[in-house]
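Data from work-v3.cif: mmCIF, C-alpha atoms
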```cif
data_entry
loop_
_atom_site.group_PDB
_atom_site.id
_atom_site.type_symbol
_atom_site.label_atom_id
_atom_site.label_comp_id
_atom_site.auth_asym_id
_atom_site.auth_seq_id
_atom_site.Cartn_x
_atom_site.Cartn_y
_atom_site.Cartn_z
ATOM 1 C CA MET A 1 160.865 93.543 56.451
ATOM 2 C CA THR A 2 157.228 94.634 56.254
ATOM 3 C CA LEU A 3 155.056 95.538 59.216
ATOM 4 C CA ILE A 4 152.998 92.343 58.779
ATOM 5 C CA ASN A 5 156.169 90.185 58.806
ATOM 6 C CA ILE A 6 157.344 91.915 61.991
ATOM 7 C CA ILE A 7 153.997 91.389 63.728
ATOM 8 C CA GLU A 8 154.084 87.686 62.808
ATOM 9 C CA GLU A 9 157.741 87.269 63.823
ATOM 10 C CA MET A 10 157.193 88.777 67.277
ATOM 11 C CA ASN A 11 153.973 86.798 67.791
ATOM 12 C CA PHE A 12 152.062 89.998 68.447
ATOM 13 C CA LYS A 13 148.349 89.490 68.918
ATOM 14 C CA GLU A 14 146.170 91.794 66.829
ATOM 15 C CA ILE A 15 143.458 93.477 68.934
ATOM 16 C CA THR A 16 140.212 94.564 67.282
ATOM 17 C CA SER A 17 138.434 96.490 70.071
ATOM 18 C CA TYR A 18 138.811 98.115 73.492
ATOM 19 C CA SER A 19 136.753 95.331 75.111
ATOM 20 C CA GLU A 20 139.035 92.669 73.592
ATOM 21 C CA LEU A 21 142.089 94.542 74.904
ATOM 22 C CA THR A 22 140.751 94.810 78.465
ATOM 23 C CA GLU A 23 139.815 91.120 78.437
ATOM 24 C CA ASN A 24 143.340 90.114 77.317
ATOM 25 C CA ILE A 25 145.307 92.266 79.772
ATOM 26 C CA LYS A 26 143.069 91.749 82.822
ATOM 27 C CA GLY A 27 145.132 90.337 85.693
ATOM 28 C CA ILE A 28 148.382 90.310 83.661
ATOM 29 C CA ASP A 29 151.347 91.724 85.588
ATOM 30 C CA LYS A 30 152.901 93.596 82.622
ATOM 31 C CA SER A 31 151.454 94.002 79.141
ATOM 32 C CA TYR A 32 151.908 96.398 76.239
ATOM 33 C CA LEU A 33 149.862 97.639 73.302
ATOM 34 C CA MET A 34 151.315 99.191 70.153
ATOM 35 C CA LEU A 35 148.828 101.464 68.399
ATOM 36 C CA TYR A 36 149.935 101.820 64.790
ATOM 37 C CA LYS A 37 148.734 102.933 61.403
ATOM 38 C CA LYS A 38 149.123 100.470 58.541
ATOM 39 C CA GLY A 39 151.271 101.861 55.731
ATOM 40 C CA SER A 40 152.930 104.446 57.987
ATOM 41 C CA GLU A 41 156.730 104.747 57.756
ATOM 42 C CA THR A 42 156.940 105.818 61.404
ATOM 43 C CA SER A 43 154.933 102.769 62.496
ATOM 44 C CA GLU A 44 157.275 100.462 60.551
ATOM 45 C CA CYS A 45 160.261 102.216 62.141
ATOM 46 C CA ALA A 46 158.792 101.693 65.632
ATOM 47 C CA TYR A 47 158.118 98.001 64.966
ATOM 48 C CA ASN A 48 161.595 97.378 63.538
ATOM 49 C CA ASN A 49 163.221 98.973 66.576
ATOM 50 C CA LEU A 50 160.869 97.213 68.985
ATOM 51 C CA LEU A 51 161.885 93.933 67.345
ATOM 52 C CA ALA A 52 165.570 94.862 67.704
ATOM 53 C CA SER A 53 165.097 95.544 71.432
ATOM 54 C CA ASP A 54 165.053 91.737 72.009
ATOM 55 C CA TYR A 55 162.159 91.854 74.462
ATOM 56 C CA ASP A 56 160.287 89.108 72.637
ATOM 57 C CA GLU A 57 158.867 87.323 75.698
ATOM 58 C CA LEU A 58 156.657 90.213 76.766
ATOM 59 C CA ASP A 59 152.893 90.314 76.342
ATOM 60 C CA VAL A 60 152.684 92.749 73.409
ATOM 61 C CA TYR A 61 149.435 93.446 71.559
ATOM 62 C CA VAL A 62 148.915 95.573 68.468
ATOM 63 C CA ALA A 63 145.986 97.552 67.079
ATOM 64 C CA ASN A 64 145.665 99.288 63.707
ATOM 65 C CA VAL A 65 143.939 102.631 64.394
ATOM 66 C CA THR A 66 142.463 102.728 60.888
ATOM 67 C CA GLN A 67 140.326 99.741 61.883
ATOM 68 C CA VAL A 68 140.131 100.013 65.683
ATOM 69 C CA ARG A 69 138.584 103.332 66.651
ATOM 70 C CA ASP A 70 137.773 102.986 70.347
ATOM 71 C CA ILE A 71 141.137 102.314 72.031
ATOM 72 C CA HIS A 72 143.119 105.517 71.425
ATOM 73 C CA GLU A 73 140.158 107.638 72.531
ATOM 74 C CA LYS A 74 139.937 105.781 75.869
ATOM 75 C CA TYR A 75 143.553 106.635 76.698
ATOM 76 C CA GLY A 76 143.745 110.094 75.095
ATOM 77 C CA ILE A 77 146.227 109.021 72.417
ATOM 78 C CA LYS A 78 146.381 111.556 69.575
ATOM 79 C CA SER A 79 149.364 110.284 67.538
ATOM 80 C CA VAL A 80 150.669 106.906 66.389
ATOM 81 C CA PRO A 81 152.714 104.846 66.718
ATOM 82 C CA SER A 82 152.240 104.820 70.487
ATOM 83 C CA LEU A 83 153.340 102.021 72.819
ATOM 84 C CA LEU A 84 151.093 101.803 75.897
ATOM 85 C CA ALA A 85 152.202 100.076 79.107
ATOM 86 C CA PHE A 86 149.778 98.362 81.509
ATOM 87 C CA GLU A 87 150.166 96.820 84.965
ATOM 88 C CA MET A 88 147.479 94.380 86.088
ATOM 89 C CA GLY A 89 145.263 95.747 83.323
ATOM 90 C CA GLU A 90 145.668 99.383 84.439
ATOM 91 C CA PHE A 91 147.106 101.946 82.003
ATOM 92 C CA GLN A 92 150.463 103.221 83.319
ATOM 93 C CA ASN A 93 152.430 105.034 80.630
ATOM 94 C CA VAL A 94 152.955 105.669 76.929
ATOM 95 C CA VAL A 95 155.863 106.068 74.504
ATOM 96 C CA LYS A 96 155.092 107.921 71.293
ATOM 97 C CA GLY A 97 156.756 107.871 67.880
ATOM 98 C CA CYS A 98 159.660 105.771 66.643
ATOM 99 C CA ASN A 99 162.455 105.280 69.161
ATOM 100 C CA ASN A 100 165.733 103.383 68.945
ATOM 101 C CA PRO A 101 166.068 99.830 70.345
ATOM 102 C CA ASP A 102 168.027 101.057 73.401
ATOM 103 C CA PHE A 103 165.173 103.420 74.225
ATOM 104 C CA TYR A 104 162.631 100.551 74.117
ATOM 105 C CA ARG A 105 164.936 98.370 76.257
ATOM 106 C CA SER A 106 165.152 101.201 78.808
ATOM 107 C CA PHE A 107 161.378 101.698 78.684
ATOM 108 C CA PHE A 108 160.712 98.001 79.377
ATOM 109 C CA GLU A 109 163.278 97.985 82.198
ATOM 110 C CA ASN A 110 161.739 101.112 83.759
ATOM 111 C CA THR A 111 158.182 99.841 83.521
ATOM 112 C CA THR A 112 159.156 96.412 84.819
ATOM 113 C CA TYR A 113 161.096 97.771 87.819
ATOM 114 C CA SER A 114 159.353 97.079 91.100
ATOM 115 C CA SER A 115 160.630 97.287 94.635
ATOM 116 C CA SER A 116 159.339 94.039 96.103
ATOM 117 C CA GLY A 117 157.878 94.271 99.565
ATOM 118 C CA ASP A 118 157.307 98.027 99.299
ATOM 119 C CA ASP A 119 153.903 98.787 100.769
ATOM 120 C CA GLY A 120 154.265 102.544 100.328
ATOM 121 C CA PRO A 121 152.060 104.727 98.125
ATOM 122 C CA LYS A 122 151.999 103.947 94.425
ATOM 123 C CA GLN A 123 154.297 106.122 92.330
ATOM 124 C CA PRO A 124 152.484 108.483 89.935
ATOM 125 C CA GLY A 125 153.221 108.160 86.216
ATOM 126 C CA VAL A 126 156.376 110.075 85.242
ATOM 127 C CA THR A 127 157.264 111.145 81.697
ATOM 128 C CA VAL A 128 160.413 113.127 80.911
ATOM 129 C CA TYR A 129 160.537 115.107 77.662
ATOM 130 C CA SER A 130 164.172 115.613 76.737
ATOM 131 C CA THR A 131 166.843 115.765 74.034
ATOM 132 C CA PRO A 132 170.172 113.874 74.000
ATOM 133 C CA SER A 133 172.278 117.082 74.010
ATOM 134 C CA CYS A 134 170.485 118.651 77.007
ATOM 135 C CA THR A 135 172.711 118.610 80.111
ATOM 136 C CA TRP A 136 169.878 119.346 82.558
ATOM 137 C CA CYS A 137 167.817 116.529 80.987
ATOM 138 C CA ASN A 138 170.580 114.042 81.756
ATOM 139 C CA THR A 139 170.974 115.430 85.302
ATOM 140 C CA LEU A 140 167.228 115.020 85.873
ATOM 141 C CA LYS A 141 167.154 111.436 84.553
ATOM 142 C CA THR A 142 170.189 110.492 86.668
ATOM 143 C CA HIS A 143 168.397 111.893 89.729
ATOM 144 C CA LEU A 144 165.276 109.815 88.988
ATOM 145 C CA ARG A 145 167.268 106.612 88.373
ATOM 146 C CA LYS A 146 169.295 107.139 91.557
ATOM 147 C CA ASN A 147 166.035 107.313 93.516
ATOM 148 C CA LYS A 148 164.570 104.264 91.709
ATOM 149 C CA ILE A 149 161.785 106.292 90.089
ATOM 150 C CA ARG A 150 160.177 104.618 87.061
ATOM 151 C CA PHE A 151 159.847 107.001 84.156
ATOM 152 C CA THR A 152 159.383 107.172 80.418
ATOM 153 C CA ASP A 153 161.904 109.254 78.489
ATOM 154 C CA ILE A 154 160.623 110.856 75.278
ATOM 155 C CA ASP A 155 163.216 112.383 72.940
ATOM 156 C CA VAL A 156 161.331 115.341 71.436
ATOM 157 C CA SER A 157 164.099 115.939 68.881
ATOM 158 C CA ARG A 158 163.062 112.705 67.132
ATOM 159 C CA ASP A 159 159.367 113.522 66.780
ATOM 160 C CA GLN A 160 158.155 116.950 65.657
ATOM 161 C CA ALA A 161 154.499 116.074 66.377
ATOM 162 C CA ILE A 162 155.264 115.295 70.028
ATOM 163 C CA ALA A 163 157.371 118.469 70.358
ATOM 164 C CA GLU A 164 154.480 120.550 68.989
ATOM 165 C CA GLU A 165 151.972 118.771 71.227
ATOM 166 C CA LEU A 166 154.160 119.546 74.256
ATOM 167 C CA VAL A 167 154.364 123.266 73.364
ATOM 168 C CA ARG A 168 150.571 123.359 72.957
ATOM 169 C CA LYS A 169 150.139 121.649 76.311
ATOM 170 C CA THR A 170 152.612 123.723 78.354
ATOM 171 C CA GLY A 171 153.325 126.853 76.310
ATOM 172 C CA GLN A 172 157.052 126.109 76.758
ATOM 173 C CA GLN A 173 159.638 125.018 74.169
ATOM 174 C CA GLY A 174 162.547 124.237 76.489
ATOM 175 C CA VAL A 175 163.546 120.866 77.921
ATOM 176 C CA PRO A 176 163.550 119.070 80.221
ATOM 177 C CA GLN A 177 159.849 119.035 80.937
ATOM 178 C CA THR A 178 158.508 116.409 83.305
ATOM 179 C CA ASP A 179 154.931 115.213 83.618
ATOM 180 C CA ILE A 180 154.377 113.807 87.122
ATOM 181 C CA GLY A 181 150.854 112.489 87.491
ATOM 182 C CA GLY A 182 149.560 115.199 85.154
ATOM 183 C CA GLU A 183 151.514 118.075 86.730
ATOM 184 C CA ILE A 184 154.107 119.608 84.394
ATOM 185 C CA ILE A 185 157.475 120.800 85.686
ATOM 186 C CA VAL A 186 159.656 122.849 83.323
ATOM 187 C CA GLY A 187 163.413 122.530 83.919
ATOM 188 C CA PHE A 188 165.121 120.601 86.704
ATOM 189 C CA ASP A 189 163.181 121.891 89.720
ATOM 190 C CA LYS A 190 164.662 119.363 92.140
ATOM 191 C CA ALA A 191 162.696 120.478 95.223
ATOM 192 C CA ARG A 192 159.343 120.300 93.425
ATOM 193 C CA ILE A 193 160.158 116.957 91.770
ATOM 194 C CA ASN A 194 161.215 115.507 95.137
ATOM 195 C CA ARG A 195 158.031 116.765 96.789
ATOM 196 C CA LEU A 196 155.745 115.300 94.104
ATOM 197 C CA LEU A 197 157.554 111.940 94.129
ATOM 198 C CA GLY A 198 158.130 111.700 97.883
ATOM 199 C CA ILE A 199 161.926 111.725 97.522
ATOM 200 C CA ASN A 200 163.676 112.712 100.789
#
```

Go through the file and emit its structure as structure tokens.
Amino acid sequence: MTLINIIEEMNFKEITSYSELTENIKGIDKSYLMLYKKGSETSECAYNNLLASDYDELDVYVANVTQVRDIHEKYGIKSVPSLLAFEMGEFQNVVKGCNNPDFYRSFFENTTYSSSGDDGPKQPGVTVYSTPSCTWCNTLKTHLRKNKIRFTDIDVSRDQAIAEELVRKTGQQGVPQTDIGGEIIVGFDKARINRLLGIN
């Protein structure tokens, strides 16, 4: 199935500018934008797996970065495909590269989790960079789930560009690495993670 067929099948709305995006997602509880590059194998892979995730009732928009030049710059996106998550029009998180359907299901579940009636401080964005074979990565993610922390899990073994970007950003090759509101933690530093996320 081609990328165009997938876009049509999922009823994705093609966005042509940053202003059009902000107008469409304003006031919407949860919405998503897939930045892709037409003709890219990785973009087709991401769309196929997004389709297979069975989350077809979500508000998902798409933008071809070869034609739309102002969106990725606004959110600091340097590689595509990238799936951006928004809450009430505010940018929350991003998933880069092609991920399997289970990963997208988990991402949607994490970004749609909300503890109703909680008037506490808003949780900062959390991104975990991991690999499937990493024991400490799994320990870290279990700890976050147990404490109902929303997070995005990026498997760096599936995307060399993201792995290289992470090394450039942190100077470290090991995993897990966790980005909590822009602060990077290398390894499973439980005390520091708990402090940054307000976990008692």

- Message: Can you measure CA of Ser17 in chain A to CA of Asn64 in chain A for me? One decimal in Å is fine.
- Response: 10.0 Å

- Message: I'd like the contact shell of range 71-79 of chain A - 7 Å cut-off, all atoms listed in the file, skipping same-chain residues fewer than 3 positions apart - returned as number ranges by chain.
- Response: A: 17-18, 68, 82

Take the residues from that selection and write them out as an mmCIF file, keeping the file's coordinate frame, keeping C-alpha atoms.
```cif
data_model
loop_
_atom_site.group_PDB
_atom_site.id
_atom_site.type_symbol
_atom_site.label_atom_id
_atom_site.label_comp_id
_atom_site.auth_asym_id
_atom_site.auth_seq_id
_atom_site.Cartn_x
_atom_site.Cartn_y
_atom_site.Cartn_z
ATOM 1 C CA SER A 17 138.434 96.490 70.071
ATOM 2 C CA TYR A 18 138.811 98.115 73.492
ATOM 3 C CA VAL A 68 140.131 100.013 65.683
ATOM 4 C CA SER A 82 152.240 104.820 70.487
#
```

Starting from 3 Å padding per side, set up an axis-aligned box that covers all listed atoms of range 128-140 of chain A and hand over centre and edge lengths in Å, one decimal, as JSON.
```
{"center_x": 166.6, "center_y": 116.2, "center_z": 79.9, "size_x": 18.3, "size_y": 12.2, "size_z": 17.9}
```

Enumerate, in order of chain and increasing residue number, the residues of range 28-109 of chain A with an atom no farther than 9 Å from range 150-170 of chain A, each with its shortest atom pair and distance in Å to one decimal, counting all atoms listed in the file, as JSON lines.
```
{"residue": "A:Ser79", "atom": "CA", "partner": "A:Ala161", "partner_atom": "CA", "distance": 7.8}
{"residue": "A:Asn93", "atom": "CA", "partner": "A:Thr152", "partner_atom": "CA", "distance": 7.3}
{"residue": "A:Val94", "atom": "CA", "partner": "A:Thr152", "partner_atom": "CA", "distance": 7.5}
{"residue": "A:Val95", "atom": "CA", "partner": "A:Ile154", "partner_atom": "CA", "distance": 6.8}
{"residue": "A:Lys96", "atom": "CA", "partner": "A:Ile154", "partner_atom": "CA", "distance": 7.4}
{"residue": "A:Gly97", "atom": "CA", "partner": "A:Asp159", "partner_atom": "CA", "distance": 6.3}
{"residue": "A:Cys98", "atom": "CA", "partner": "A:Arg158", "partner_atom": "CA", "distance": 7.7}
{"residue": "A:Asn99", "atom": "CA", "partner": "A:Arg158", "partner_atom": "CA", "distance": 7.7}
{"residue": "A:Phe103", "atom": "CA", "partner": "A:Asp153", "partner_atom": "CA", "distance": 7.9}
{"residue": "A:Ser106", "atom": "CA", "partner": "A:Thr152", "partner_atom": "CA", "distance": 8.5}
{"residue": "A:Phe107", "atom": "CA", "partner": "A:Thr152", "partner_atom": "CA", "distance": 6.1}
{"residue": "A:Glu109", "atom": "CA", "partner": "A:Arg150", "partner_atom": "CA", "distance": 8.8}
```

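Between CA of Arg69 in chain A and CA of Arg105 in chain A lies a distance of 28.5 Å.
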
- Task: Enumerate, as number ranges by chain, the residues matched when the PyMOL selection byres ((chain A and resi 48-51) around 7) is run on the file above.
- Result: A: 10, 44-47, 52-54, 99-101, 104

What does range 19-58 of chain A look like written to a file with N, CA and C atoms, as a compact mmCIF listing (two decimals), in the first residue's frame?
```txt
# COMPACT_ATOMS: atom_id res chain seq x y z
N SER A 19 0.41 27.76 10.61
CA SER A 19 -0.81 28.47 11.03
C SER A 19 -2.05 27.58 10.86
N GLU A 20 -2.08 26.78 9.79
CA GLU A 20 -3.21 25.86 9.59
C GLU A 20 -3.22 24.80 10.69
N LEU A 21 -2.04 24.30 11.05
CA LEU A 21 -1.95 23.31 12.13
C LEU A 21 -2.49 23.87 13.44
N THR A 22 -2.01 25.05 13.84
CA THR A 22 -2.43 25.62 15.12
C THR A 22 -3.93 25.89 15.15
N GLU A 23 -4.48 26.28 14.01
CA GLU A 23 -5.92 26.53 13.91
C GLU A 23 -6.71 25.23 14.11
N ASN A 24 -6.21 24.12 13.53
CA ASN A 24 -6.90 22.84 13.61
C ASN A 24 -6.84 22.19 14.98
N ILE A 25 -5.72 22.36 15.69
CA ILE A 25 -5.56 21.65 16.97
C ILE A 25 -5.94 22.50 18.18
N LYS A 26 -6.25 23.78 17.95
CA LYS A 26 -6.61 24.68 19.05
C LYS A 26 -7.84 24.15 19.79
N GLY A 27 -7.69 23.98 21.11
CA GLY A 27 -8.82 23.54 21.93
C GLY A 27 -9.15 22.06 21.85
N ILE A 28 -8.38 21.30 21.05
CA ILE A 28 -8.62 19.84 20.94
C ILE A 28 -7.85 19.14 22.06
N ASP A 29 -8.54 18.24 22.76
CA ASP A 29 -7.94 17.55 23.91
C ASP A 29 -6.64 16.83 23.51
N LYS A 30 -6.72 15.94 22.52
CA LYS A 30 -5.54 15.20 22.06
C LYS A 30 -5.50 15.23 20.54
N SER A 31 -4.37 15.61 19.99
CA SER A 31 -4.21 15.57 18.53
C SER A 31 -2.76 15.24 18.21
N TYR A 32 -2.56 14.77 16.98
CA TYR A 32 -1.23 14.28 16.57
C TYR A 32 -0.92 14.78 15.16
N LEU A 33 0.37 14.98 14.91
CA LEU A 33 0.83 15.38 13.58
C LEU A 33 1.99 14.50 13.17
N MET A 34 1.86 13.85 12.01
CA MET A 34 2.96 13.07 11.46
C MET A 34 3.68 13.92 10.41
N LEU A 35 4.92 14.26 10.69
CA LEU A 35 5.77 14.93 9.70
C LEU A 35 6.46 13.84 8.91
N TYR A 36 6.32 13.88 7.60
CA TYR A 36 6.89 12.82 6.75
C TYR A 36 7.53 13.43 5.52
N LYS A 37 8.26 12.57 4.82
CA LYS A 37 8.86 12.99 3.56
C LYS A 37 8.36 12.05 2.47
N LYS A 38 7.69 12.60 1.48
CA LYS A 38 7.13 11.80 0.40
C LYS A 38 8.24 11.04 -0.32
N GLY A 39 7.99 9.75 -0.57
CA GLY A 39 8.97 8.92 -1.26
C GLY A 39 9.99 8.27 -0.34
N SER A 40 9.87 8.54 0.97
CA SER A 40 10.81 7.97 1.94
C SER A 40 10.32 6.61 2.42
N GLU A 41 11.21 5.61 2.39
CA GLU A 41 10.86 4.26 2.86
C GLU A 41 10.51 4.28 4.34
N THR A 42 11.27 5.05 5.12
CA THR A 42 11.02 5.11 6.57
C THR A 42 9.66 5.73 6.85
N SER A 43 9.28 6.75 6.08
CA SER A 43 7.96 7.37 6.26
C SER A 43 6.86 6.37 5.95
N GLU A 44 7.02 5.59 4.87
CA GLU A 44 6.01 4.58 4.53
C GLU A 44 5.91 3.53 5.63
N CYS A 45 7.06 3.14 6.18
CA CYS A 45 7.09 2.17 7.28
C CYS A 45 6.31 2.71 8.48
N ALA A 46 6.56 3.98 8.83
CA ALA A 46 5.87 4.59 9.97
C ALA A 46 4.37 4.62 9.75
N TYR A 47 3.95 5.00 8.54
CA TYR A 47 2.51 5.06 8.24
C TYR A 47 1.86 3.69 8.29
N ASN A 48 2.52 2.69 7.71
CA ASN A 48 1.97 1.33 7.73
C ASN A 48 1.77 0.86 9.17
N ASN A 49 2.76 1.11 10.02
CA ASN A 49 2.67 0.64 11.40
C ASN A 49 1.70 1.48 12.23
N LEU A 50 1.57 2.75 11.89
CA LEU A 50 0.58 3.60 12.54
C LEU A 50 -0.82 3.09 12.20
N LEU A 51 -1.02 2.73 10.94
CA LEU A 51 -2.29 2.17 10.48
C LEU A 51 -2.60 0.88 11.23
N ALA A 52 -1.57 0.04 11.41
CA ALA A 52 -1.76 -1.25 12.08
C ALA A 52 -2.00 -1.12 13.58
N SER A 53 -1.77 0.07 14.13
CA SER A 53 -1.95 0.27 15.57
C SER A 53 -3.43 0.33 15.95
N ASP A 54 -4.31 0.50 14.94
CA ASP A 54 -5.77 0.51 15.14
C ASP A 54 -6.27 1.70 15.96
N TYR A 55 -5.54 2.77 15.97
CA TYR A 55 -6.01 3.98 16.64
C TYR A 55 -6.56 4.94 15.58
N ASP A 56 -7.61 4.50 14.89
CA ASP A 56 -8.09 5.27 13.74
C ASP A 56 -9.11 6.35 14.09
N GLU A 57 -9.47 6.48 15.37
CA GLU A 57 -10.44 7.52 15.74
C GLU A 57 -9.76 8.75 16.33
N LEU A 58 -8.45 8.79 16.30
CA LEU A 58 -7.72 9.93 16.83
C LEU A 58 -7.68 11.05 15.82
```
